[in-house]
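Visitor: The structure file target-v7.txt (compact mmCIF, C-alpha atoms) is provided below.
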# COMPACT_ATOMS: atom_id res chain seq x y z
CA MET A 40 0.00 0.00 0.00
CA THR A 41 0.98 3.62 -0.47
CA ASP A 42 0.77 6.59 1.88
CA THR A 43 1.13 9.52 -0.51
CA HIS A 44 1.54 12.15 2.21
CA CYS A 45 3.26 11.74 5.57
CA HIS A 46 5.65 13.93 7.55
CA LEU A 47 7.73 11.18 9.14
CA PHE A 48 10.66 13.55 9.60
CA LEU A 49 8.87 15.85 12.07
CA PRO A 50 9.81 15.91 15.78
CA GLU A 51 6.62 14.03 16.71
CA PHE A 52 8.39 10.88 15.50
CA ASP A 53 11.86 11.50 16.95
CA ALA A 54 11.35 9.11 19.87
CA ASP A 55 10.16 6.10 17.85
CA ARG A 56 10.60 6.69 14.11
CA GLU A 57 12.14 3.24 13.52
CA THR A 58 9.19 1.57 15.25
CA VAL A 59 6.66 3.66 13.31
CA VAL A 60 8.23 2.68 9.98
CA ASP A 61 8.46 -0.99 11.02
CA GLN A 62 4.78 -0.99 11.98
CA ALA A 63 3.87 0.57 8.64
CA LEU A 64 5.88 -2.05 6.74
CA ASN A 65 4.31 -4.85 8.80
CA ALA A 66 0.87 -3.45 7.94
CA GLY A 67 1.73 -3.61 4.24
CA VAL A 68 2.35 0.13 3.83
CA THR A 69 5.62 -0.14 1.94
CA ARG A 70 5.64 3.19 0.08
CA MET A 71 5.58 6.53 1.92
CA PHE A 72 5.91 9.90 0.21
CA LEU A 73 7.37 12.74 2.27
CA PRO A 74 6.37 16.36 1.50
CA ASN A 75 8.71 19.11 2.61
CA VAL A 76 7.61 22.10 4.72
CA ASP A 77 10.45 24.65 4.53
CA SER A 78 14.19 25.11 5.11
CA THR A 79 13.87 23.99 8.74
CA THR A 80 12.67 20.53 7.67
CA SER A 81 14.55 19.75 4.45
CA ALA A 82 17.62 18.20 6.11
CA ARG A 83 15.51 15.93 8.32
CA LEU A 84 13.33 14.99 5.36
CA LEU A 85 16.36 13.90 3.33
CA GLU A 86 17.85 12.08 6.30
CA THR A 87 14.62 10.09 6.70
CA ALA A 88 14.41 9.31 2.98
CA ASN A 89 18.05 8.18 2.93
CA ARG A 90 17.47 5.93 5.94
CA TRP A 91 14.68 4.05 4.09
CA PRO A 92 15.48 4.53 0.39
CA ASP A 93 13.20 1.70 -0.74
CA ASN A 94 10.22 2.94 1.25
CA CYS A 95 10.41 6.71 1.77
CA PHE A 96 10.31 9.00 -1.26
CA PRO A 97 11.07 12.72 -0.81
CA MET A 98 9.34 15.74 -2.30
CA MET A 99 10.67 19.28 -2.23
CA GLY A 100 8.69 22.49 -1.86
CA LEU A 101 7.71 25.42 0.33
CA HIS A 102 4.51 25.03 2.36
CA PRO A 103 2.20 28.07 2.08
CA THR A 104 2.06 28.66 5.84
CA SER A 105 5.86 29.04 5.80
CA VAL A 106 5.67 31.87 3.26
CA ASN A 107 6.60 35.26 4.72
CA GLY A 108 8.71 38.28 3.85
CA GLU A 109 11.74 36.03 3.40
CA PHE A 110 10.02 33.66 0.98
CA GLU A 111 12.50 34.32 -1.83
CA ASN A 112 15.30 32.90 0.32
CA GLU A 113 13.15 29.86 1.05
CA LEU A 114 12.43 29.39 -2.64
CA ALA A 115 16.14 29.59 -3.43
CA MET A 116 16.63 26.61 -1.09
CA VAL A 117 13.85 24.69 -2.87
CA GLU A 118 15.29 25.47 -6.30
CA ASN A 119 18.78 24.40 -5.23
CA HIS A 120 17.49 21.06 -3.96
CA LEU A 121 15.40 20.44 -7.09
CA ASN A 122 18.39 21.14 -9.32
CA LYS A 123 20.75 18.86 -7.39
CA GLY A 124 18.69 16.05 -5.87
CA THR A 125 16.21 13.34 -6.77
CA PHE A 126 12.64 14.15 -5.83
CA TYR A 127 9.31 12.61 -6.76
CA ALA A 128 7.12 15.72 -6.58
CA VAL A 129 7.15 19.42 -5.84
CA GLY A 130 5.32 19.69 -2.55
CA GLU A 131 3.75 20.52 -0.53
CA ILE A 132 2.81 23.82 -2.11
CA GLY A 133 -0.38 25.81 -2.42
CA LEU A 134 -2.51 28.44 -0.71
CA ASP A 135 -3.72 28.70 2.88
CA LEU A 136 -6.12 31.41 4.09
CA TYR A 137 -7.03 29.64 7.32
CA TRP A 138 -4.20 30.70 9.60
CA ASP A 139 -3.04 34.06 8.32
CA LYS A 140 -3.88 36.25 5.32
CA THR A 141 -0.90 38.60 5.83
CA TRP A 142 1.31 37.01 3.18
CA PHE A 143 -1.35 35.88 0.71
CA GLU A 144 0.11 37.76 -2.27
CA GLN A 145 3.49 36.20 -1.49
CA GLN A 146 1.82 32.78 -1.17
CA LYS A 147 0.39 33.19 -4.67
CA GLU A 148 3.77 34.20 -6.07
CA ALA A 149 5.53 31.26 -4.39
CA PHE A 150 2.84 28.88 -5.65
CA LYS A 151 3.13 30.10 -9.25
CA ILE A 152 6.91 29.84 -9.22
CA GLN A 153 6.83 26.29 -7.83
CA LEU A 154 4.21 25.20 -10.38
CA GLU A 155 6.60 26.38 -13.08
CA TRP A 156 9.50 24.46 -11.51
CA ALA A 157 7.39 21.30 -11.43
CA HIS A 158 6.67 21.77 -15.12
CA THR A 159 10.36 22.35 -15.88
CA HIS A 160 11.45 19.26 -13.94
CA GLN A 161 8.48 17.20 -15.23
CA LEU A 162 7.39 16.42 -11.68
CA PRO A 163 3.89 16.21 -10.22
CA VAL A 164 2.79 18.74 -7.60
CA VAL A 165 1.18 18.08 -4.23
CA ILE A 166 -1.16 20.96 -3.46
CA HIS A 167 -2.23 22.20 -0.04
CA VAL A 168 -5.59 24.00 -0.09
CA ARG A 169 -7.20 25.49 3.00
CA ASN A 170 -10.00 28.08 2.84
CA SER A 171 -8.65 28.94 -0.61
CA PHE A 172 -10.20 26.55 -3.14
CA PRO A 173 -11.39 29.12 -5.75
CA GLU A 174 -8.08 30.97 -5.64
CA THR A 175 -6.07 27.75 -5.94
CA ILE A 176 -8.07 26.38 -8.86
CA SER A 177 -7.84 29.74 -10.62
CA LEU A 178 -4.05 29.86 -10.27
CA VAL A 179 -3.64 26.32 -11.60
CA GLN A 180 -5.91 27.12 -14.56
CA LYS A 181 -4.12 30.38 -15.31
CA SER A 182 -0.71 28.71 -15.16
CA ALA A 183 -1.67 26.90 -18.39
CA LEU A 184 1.30 24.57 -18.01
CA ALA A 185 0.89 21.66 -20.40
CA GLY A 186 1.02 18.28 -18.71
CA LEU A 187 0.93 19.67 -15.16
CA ARG A 188 -0.43 16.99 -12.87
CA GLY A 189 -0.61 16.16 -9.21
CA ILE A 190 -2.65 15.70 -6.06
CA PHE A 191 -5.02 18.03 -4.25
CA HIS A 192 -3.93 16.89 -0.81
CA CYS A 193 -6.42 16.27 2.02
CA PHE A 194 -9.48 16.69 -0.20
CA THR A 195 -12.63 17.56 1.76
CA GLY A 196 -14.61 19.46 -0.88
CA SER A 197 -17.85 19.03 -2.79
CA VAL A 198 -18.71 16.94 -5.85
CA ASN A 199 -18.36 20.09 -7.94
CA ASP A 200 -14.93 20.82 -6.43
CA ALA A 201 -13.85 17.27 -7.22
CA LYS A 202 -15.03 17.59 -10.82
CA MET A 203 -13.10 20.83 -11.28
CA ILE A 204 -9.96 19.12 -9.96
CA THR A 205 -10.28 15.97 -12.06
CA ASP A 206 -11.18 17.99 -15.18
CA LEU A 207 -7.76 19.64 -14.80
CA GLY A 208 -6.14 16.19 -14.80
CA PHE A 209 -5.40 16.18 -11.08
CA ILE A 210 -6.33 13.56 -8.50
CA LEU A 211 -7.61 13.67 -4.93
CA GLY A 212 -5.74 12.74 -1.75
CA ILE A 213 -8.14 11.02 0.65
CA GLY A 214 -7.18 10.79 4.31
CA GLY A 215 -8.48 10.44 7.83
CA VAL A 216 -11.35 12.90 7.32
CA SER A 217 -13.08 10.12 5.35
CA THR A 218 -13.59 8.29 8.66
CA PHE A 219 -15.06 11.29 10.53
CA LYS A 220 -18.79 11.14 11.25
CA ASN A 221 -19.42 14.58 9.73
CA GLY A 222 -16.51 14.57 7.29
CA GLY A 223 -18.86 14.57 4.30
CA LEU A 224 -16.75 12.41 2.01
CA ASP A 225 -19.23 9.53 2.28
CA ARG A 226 -21.61 11.70 0.23
CA VAL A 227 -19.00 12.99 -2.22
CA LEU A 228 -16.84 9.98 -3.11
CA PRO A 229 -19.59 7.86 -4.75
CA SER A 230 -19.71 10.49 -7.52
CA ILE A 231 -15.97 10.21 -8.17
CA ASP A 232 -14.32 7.42 -10.13
CA PRO A 233 -11.72 5.78 -7.84
CA SER A 234 -9.17 6.09 -10.64
CA PHE A 235 -8.88 9.71 -9.42
CA LEU A 236 -7.99 8.79 -5.83
CA VAL A 237 -4.88 8.18 -3.78
CA LEU A 238 -4.70 7.53 -0.04
CA GLU A 239 -2.75 9.57 2.50
CA THR A 240 -2.42 9.94 6.25
CA ASP A 241 -0.86 13.42 6.59
CA SER A 242 0.91 11.95 9.63
CA PRO A 243 1.27 13.09 12.37
CA TYR A 244 -1.97 15.02 11.74
CA LEU A 245 -5.61 14.06 11.08
CA ALA A 246 -5.57 10.53 12.46
CA PRO A 247 -8.55 8.42 11.38
CA VAL A 248 -11.19 7.06 13.74
CA PRO A 249 -10.65 5.43 16.27
CA TYR A 250 -7.37 7.35 16.73
CA ARG A 251 -8.80 10.79 15.99
CA GLY A 252 -7.05 13.43 18.09
CA LYS A 253 -3.97 11.28 18.58
CA ARG A 254 -0.76 11.10 16.58
CA ASN A 255 -1.37 9.79 13.09
CA GLU A 256 0.93 7.15 11.57
CA PRO A 257 1.39 5.63 8.09
CA GLN A 258 0.14 2.22 9.28
CA TYR A 259 -3.32 3.78 9.65
CA ILE A 260 -3.63 4.00 5.86
CA THR A 261 -5.25 0.57 6.23
CA LEU A 262 -8.13 2.16 8.18
CA ILE A 263 -8.59 4.79 5.49
CA ALA A 264 -8.63 2.08 2.81
CA GLN A 265 -11.29 0.19 4.76
CA GLN A 266 -13.49 3.28 5.03
CA VAL A 267 -13.13 4.18 1.34
CA ALA A 268 -13.97 0.57 0.49
CA ARG A 269 -17.15 0.80 2.57
CA ILE A 270 -18.15 3.98 0.75
CA TYR A 271 -17.68 2.32 -2.65
CA GLY A 272 -19.11 -1.04 -1.64
CA THR A 273 -15.94 -2.94 -2.46
CA THR A 274 -13.00 -4.48 -0.60
CA ALA A 275 -10.13 -2.70 1.13
CA GLU A 276 -7.77 -4.85 -0.94
CA ARG A 277 -9.30 -3.52 -4.14
CA ILE A 278 -9.03 0.10 -2.96
CA ALA A 279 -5.42 -0.49 -1.85
CA GLU A 280 -4.55 -1.91 -5.27
CA LEU A 281 -6.31 0.85 -7.22
CA THR A 282 -4.87 3.73 -5.22
CA THR A 283 -1.36 2.30 -5.19
CA ASN A 284 -1.49 1.94 -8.98
CA ASN A 285 -2.73 5.54 -9.23
CA ALA A 286 0.21 6.67 -7.09
CA LYS A 287 2.68 4.69 -9.20
CA GLN A 288 1.36 6.30 -12.38
CA LEU A 289 1.63 9.77 -10.86
CA PHE A 290 5.01 9.55 -9.13
CA GLY A 291 6.65 7.18 -11.59
CA VAL A 292 7.80 4.84 -8.85
Could you render the structure as structure tokens?
Guide:
Amino acid sequence: MTDTHCHLFLPEFDADRETVVDQALNAGVTRMFLPNVDSTTSARLLETANRWPDNCFPMMGLHPTSVNGEFENELAMVENHLNKGTFYAVGEIGLDLYWDKTWFEQQKEAFKIQLEWAHTHQLPVVIHVRNSFPETISLVQKSALAGLRGIFHCFTGSVNDAKMITDLGFILGIGGVSTFKNGGLDRVLPSIDPSFLVLETDSPYLAPVPYRGKRNEPQYITLIAQQVARIYGTTAERIAELTTNNAKQLFGV
């Protein structure tokens, strides 16, 4: 199975990272994709990916909530890594109006630049959207970058939102929210072909039921697969196979 979005390199895992990875592997979660946050996390991200080169696959990008007046310096770090290293996506990037609107113009500029880098390097993008769906969709459309593809991470939107995303050739990252009683995805997913889905945990955040509110871990991708299977009326094994194949097609590994 594949967890397309987990932050295994964050301090929440410093005490037991080896155990967490072992438990994921024992649960059949053998592929974990690691999105960067900013310059404070890139070294730890690469260290984690190098420790498990067959299982942990790094991305590189600048998270929108890390954009501030120094964002050009942060982007220089991202560009340097992309030019020198091996990465499987540009991420996580995007727009976030939930926490702070102060740097929104800079967020948009950073997002546009990183979309262009993904196009140049022929890499997919992993997009963070929070309270900013219309603005994010508009920027992706206006970028008009042929062949641009990727994941709208932590999708929690409407059927119409999903259609706009898939019409652009992007796919949806489905995580722990799918297990929440009022998450809403049980009403949205039946209208979406599962060929447009990948699974993610966003560890250490957004743990699925029954671990909601606790630290999330990649092994819990199995619980997300079970819930998505219930929504579609199929087996968890079938969902695991479909979404892993979707991830392989997107990331090329």
Visitor: Restricting the calculation to all atoms listed in the file, which member of A:Gly100, A:Gly124, A:Gly215, A:Gly133 is positioned closest to Pro249 (chain A)?
Guide: A:Gly215
Visitor: Need the shell around Ala268 (chain A): protein/DNA/RNA residues with any atom at most 12 Å away, counting all atoms listed in the file. Skip same-chain ones fewer than 3 positions apart. Format as a list in words?
Guide: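 My list of contacting residues is Ile213, Ser217, Thr218, Asp225, Leu228, Pro229, Pro233, Leu236, Leu238, Thr261, Leu262, Ile263, Ala264, Gln265, Tyr271, Gly272, Thr273, Thr274, Ala275, Glu276, Arg277, Ile278, Ala279, Glu280, Leu281 and Thr282 of chain A.
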Visitor: Those same residues, written as a PDB file, in the coordinates of the input with C-alpha atoms?
Guide:
ATOM      1  CA  ILE A 213      -8.140  11.020   0.650  1.00  0.00           C
ATOM      2  CA  SER A 217     -13.080  10.120   5.350  1.00  0.00           C
ATOM      3  CA  THR A 218     -13.590   8.290   8.660  1.00  0.00           C
ATOM      4  CA  ASP A 225     -19.230   9.530   2.280  1.00  0.00           C
ATOM      5  CA  LEU A 228     -16.840   9.980  -3.110  1.00  0.00           C
ATOM      6  CA  PRO A 229     -19.590   7.860  -4.750  1.00  0.00           C
ATOM      7  CA  PRO A 233     -11.720   5.780  -7.840  1.00  0.00           C
ATOM      8  CA  LEU A 236      -7.990   8.790  -5.830  1.00  0.00           C
ATOM      9  CA  LEU A 238      -4.700   7.530  -0.040  1.00  0.00           C
ATOM     10  CA  THR A 261      -5.250   0.570   6.230  1.00  0.00           C
ATOM     11  CA  LEU A 262      -8.130   2.160   8.180  1.00  0.00           C
ATOM     12  CA  ILE A 263      -8.590   4.790   5.490  1.00  0.00           C
ATOM     13  CA  ALA A 264      -8.630   2.080   2.810  1.00  0.00           C
ATOM     14  CA  GLN A 265     -11.290   0.190   4.760  1.00  0.00           C
ATOM     15  CA  TYR A 271     -17.680   2.320  -2.650  1.00  0.00           C
ATOM     16  CA  GLY A 272     -19.110  -1.040  -1.640  1.00  0.00           C
ATOM     17  CA  THR A 273     -15.940  -2.940  -2.460  1.00  0.00           C
ATOM     18  CA  THR A 274     -13.000  -4.480  -0.600  1.00  0.00           C
ATOM     19  CA  ALA A 275     -10.130  -2.700   1.130  1.00  0.00           C
ATOM     20  CA  GLU A 276      -7.770  -4.850  -0.940  1.00  0.00           C
ATOM     21  CA  ARG A 277      -9.300  -3.520  -4.140  1.00  0.00           C
ATOM     22  CA  ILE A 278      -9.030   0.100  -2.960  1.00  0.00           C
ATOM     23  CA  ALA A 279      -5.420  -0.490  -1.850  1.00  0.00           C
ATOM     24  CA  GLU A 280      -4.550  -1.910  -5.270  1.00  0.00           C
ATOM     25  CA  LEU A 281      -6.310   0.850  -7.220  1.00  0.00           C
ATOM     26  CA  THR A 282      -4.870   3.730  -5.220  1.00  0.00           C
TER      27      THR A 282
END
Visitor: Would you mind telling me which residue in A:Asp77, A:Asp206, A:Asp241, A:Glu148 lies nearest to Cys193 (chain A) when using all atoms listed in the file?
Guide: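 Under the stated criterion, the closest residue is A:Asp241.
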Visitor: Any idea what the distance is between CA of Ser197 (chain A) and CA of Pro103 (chain A)?
Guide: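 CA of Ser197 (chain A) sits 22.5 Å away from CA of Pro103 (chain A).
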Visitor: Could I get the residues of region 127-218 of chain A with an atom no further than 12 Å from an atom of region 50-72 of chain A, each paired with its nearest atom pair and that distance in Å to one decimal, using all atoms listed in the file, sorted by chain and residue number, as JSON lines?
Guide:
{"residue": "A:Tyr127", "atom": "CA", "partner": "A:Phe72", "partner_atom": "CA", "distance": 8.2}
{"residue": "A:Ala128", "atom": "CA", "partner": "A:Phe72", "partner_atom": "CA", "distance": 9.0}
{"residue": "A:Val129", "atom": "CA", "partner": "A:Phe72", "partner_atom": "CA", "distance": 11.3}
{"residue": "A:Gly130", "atom": "CA", "partner": "A:Phe72", "partner_atom": "CA", "distance": 10.2}
{"residue": "A:Glu131", "atom": "CA", "partner": "A:Phe72", "partner_atom": "CA", "distance": 10.9}
{"residue": "A:Val165", "atom": "CA", "partner": "A:Phe72", "partner_atom": "CA", "distance": 10.4}
Visitor: Pick the closest to Phe194 (chain A) from A:Trp156, A:Phe48, A:Phe235, A:Phe143: which is it, counting only C-alpha atoms?
Guide: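 Checking each of A:Trp156, A:Phe48, A:Phe235, A:Phe143 against Phe194 (chain A), counting only C-alpha atoms, the winner is A:Phe235.
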Visitor: Centre and edge lengths of an axis-aligned box around all listed atoms of region 166-185 of chain A, with 6 Å added on each side, are to be given in Å to one decimal, as JSON.
Guide:
{"center_x": -5.0, "center_y": 26.0, "center_z": -8.7, "size_x": 24.7, "size_y": 22.0, "size_z": 35.4}
Visitor: If I take CA of Ser105 (chain A) and CA of Ile132 (chain A), how far is one from the other in Å, to one decimal?
Guide: 10.0 Å
Visitor: Find the residues near His192 (chain A): any atom within 12 Å, counting all atoms listed in the file, skip ones fewer than 2 places away on the same chain, and give them as a ChimeraX atom specification.
Guide: /A:42-45,74,130-134,164-169,172,189-190,194-196,201,204,209-216,236-241
Visitor: Nearest to Val227 (chain A): which of A:Ser242, A:Val248, A:Asn89, A:Val198 is it, counting only C-alpha atoms?
Guide: A:Val198
Visitor: Show me, as a PyMOL selection string, the residues that have an atom within 9 Å of Thr104 (chain A) when counting only C-alpha atoms, minus same-chain residues fewer than 4 positions from it.
Guide: chain A and resi 76+134-136+138-139+142+146
Visitor: What would the file look like if the residues just selected were written as a short mmCIF file (atom, residue, chain, number, x, y, z; two decimals), in the coordinates of the input with C-alpha atoms?
Guide:
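This went into again36.cif:
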data_model
loop_
_atom_site.label_atom_id
_atom_site.label_comp_id
_atom_site.auth_asym_id
_atom_site.auth_seq_id
_atom_site.Cartn_x
_atom_site.Cartn_y
_atom_site.Cartn_z
CA VAL A 76 7.61 22.10 4.72
CA LEU A 134 -2.51 28.44 -0.71
CA ASP A 135 -3.72 28.70 2.88
CA LEU A 136 -6.12 31.41 4.09
CA TRP A 138 -4.20 30.70 9.60
CA ASP A 139 -3.04 34.06 8.32
CA TRP A 142 1.31 37.01 3.18
CA GLN A 146 1.82 32.78 -1.17
#
Visitor: Considering all atoms listed in the file, state which residue in the set A:Asn122, A:Leu85, A:Gln161, A:Leu154 is at the smallest distance from Gly291 (chain A).
Guide: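 Smallest distance to Gly291 (chain A) is found for A:Gln161.
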Visitor: Select, from A:Ala149, A:Met99, A:Pro92, A:Ala82, the residue with the minimum atom-to-atom distance to Glu111 (chain A), counting only C-alpha atoms.
Guide: A:Ala149
Visitor: State, in Å with one decimal place, the distance from CA of Lys287 (chain A) to CA of Pro173 (chain A).
Guide: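 If I compute the distance from CA of Lys287 (chain A) to CA of Pro173 (chain A), I get 28.4 Å.
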Visitor: Taking N, CA and C atoms as the atom set, what does region 88-110 of chain A look like once completed, written as a CSV table (one decimal), in the coordinates of the input?
Guide:
chain,number,residue,atom,x,y,z
A,88,ALA,N,14.5,10.0,4.3
A,88,ALA,CA,14.4,9.3,3.0
A,88,ALA,C,15.6,8.5,2.7
A,89,ASN,N,16.8,8.9,3.1
A,89,ASN,CA,18.0,8.2,2.9
A,89,ASN,C,18.1,7.0,3.9
A,90,ARG,N,17.5,7.1,5.0
A,90,ARG,CA,17.5,5.9,5.9
A,90,ARG,C,16.6,4.8,5.4
A,91,TRP,N,15.6,5.1,4.7
A,91,TRP,CA,14.7,4.0,4.1
A,91,TRP,C,14.5,4.3,2.6
A,92,PRO,N,15.6,4.1,1.8
A,92,PRO,CA,15.5,4.5,0.4
A,92,PRO,C,14.5,3.7,-0.4
A,93,ASP,N,14.1,2.5,0.0
A,93,ASP,CA,13.2,1.7,-0.7
A,93,ASP,C,11.8,2.0,-0.3
A,94,ASN,N,11.6,2.8,0.7
A,94,ASN,CA,10.2,2.9,1.2
A,94,ASN,C,9.8,4.4,1.4
A,95,CYS,N,10.7,5.3,1.5
A,95,CYS,CA,10.4,6.7,1.8
A,95,CYS,C,10.9,7.6,0.6
A,96,PHE,N,10.0,8.3,0.0
A,96,PHE,CA,10.3,9.0,-1.3
A,96,PHE,C,10.1,10.5,-1.0
A,97,PRO,N,11.2,11.3,-1.2
A,97,PRO,CA,11.1,12.7,-0.8
A,97,PRO,C,10.5,13.6,-1.9
A,98,MET,N,9.8,14.6,-1.4
A,98,MET,CA,9.3,15.7,-2.3
A,98,MET,C,10.1,17.0,-1.9
A,99,MET,N,10.0,18.0,-2.6
A,99,MET,CA,10.7,19.3,-2.2
A,99,MET,C,9.7,20.4,-2.6
A,100,GLY,N,9.5,21.3,-1.6
A,100,GLY,CA,8.7,22.5,-1.9
A,100,GLY,C,8.6,23.4,-0.6
A,101,LEU,N,7.9,24.5,-0.8
A,101,LEU,CA,7.7,25.4,0.3
A,101,LEU,C,6.2,25.5,0.7
A,102,HIS,N,5.9,25.1,1.9
A,102,HIS,CA,4.5,25.0,2.4
A,102,HIS,C,4.0,26.5,2.5
A,103,PRO,N,2.7,26.7,2.1
A,103,PRO,CA,2.2,28.1,2.1
A,103,PRO,C,2.2,28.8,3.4
A,104,THR,N,2.1,28.0,4.5
A,104,THR,CA,2.1,28.7,5.8
A,104,THR,C,3.5,29.1,6.3
A,105,SER,N,4.5,28.6,5.5
A,105,SER,CA,5.9,29.0,5.8
A,105,SER,C,6.3,30.2,4.9
A,106,VAL,N,5.4,30.7,4.1
A,106,VAL,CA,5.7,31.9,3.3
A,106,VAL,C,5.6,33.1,4.1
A,107,ASN,N,6.6,34.0,4.0
A,107,ASN,CA,6.6,35.3,4.7
A,107,ASN,C,7.5,36.2,3.9
A,108,GLY,N,7.9,37.3,4.6
A,108,GLY,CA,8.7,38.3,3.8
A,108,GLY,C,10.0,37.8,3.3
A,109,GLU,N,10.5,36.6,3.8
A,109,GLU,CA,11.7,36.0,3.4
A,109,GLU,C,11.5,34.9,2.4
A,110,PHE,N,10.4,34.8,1.8
A,110,PHE,CA,10.0,33.7,1.0
A,110,PHE,C,11.0,33.4,-0.2
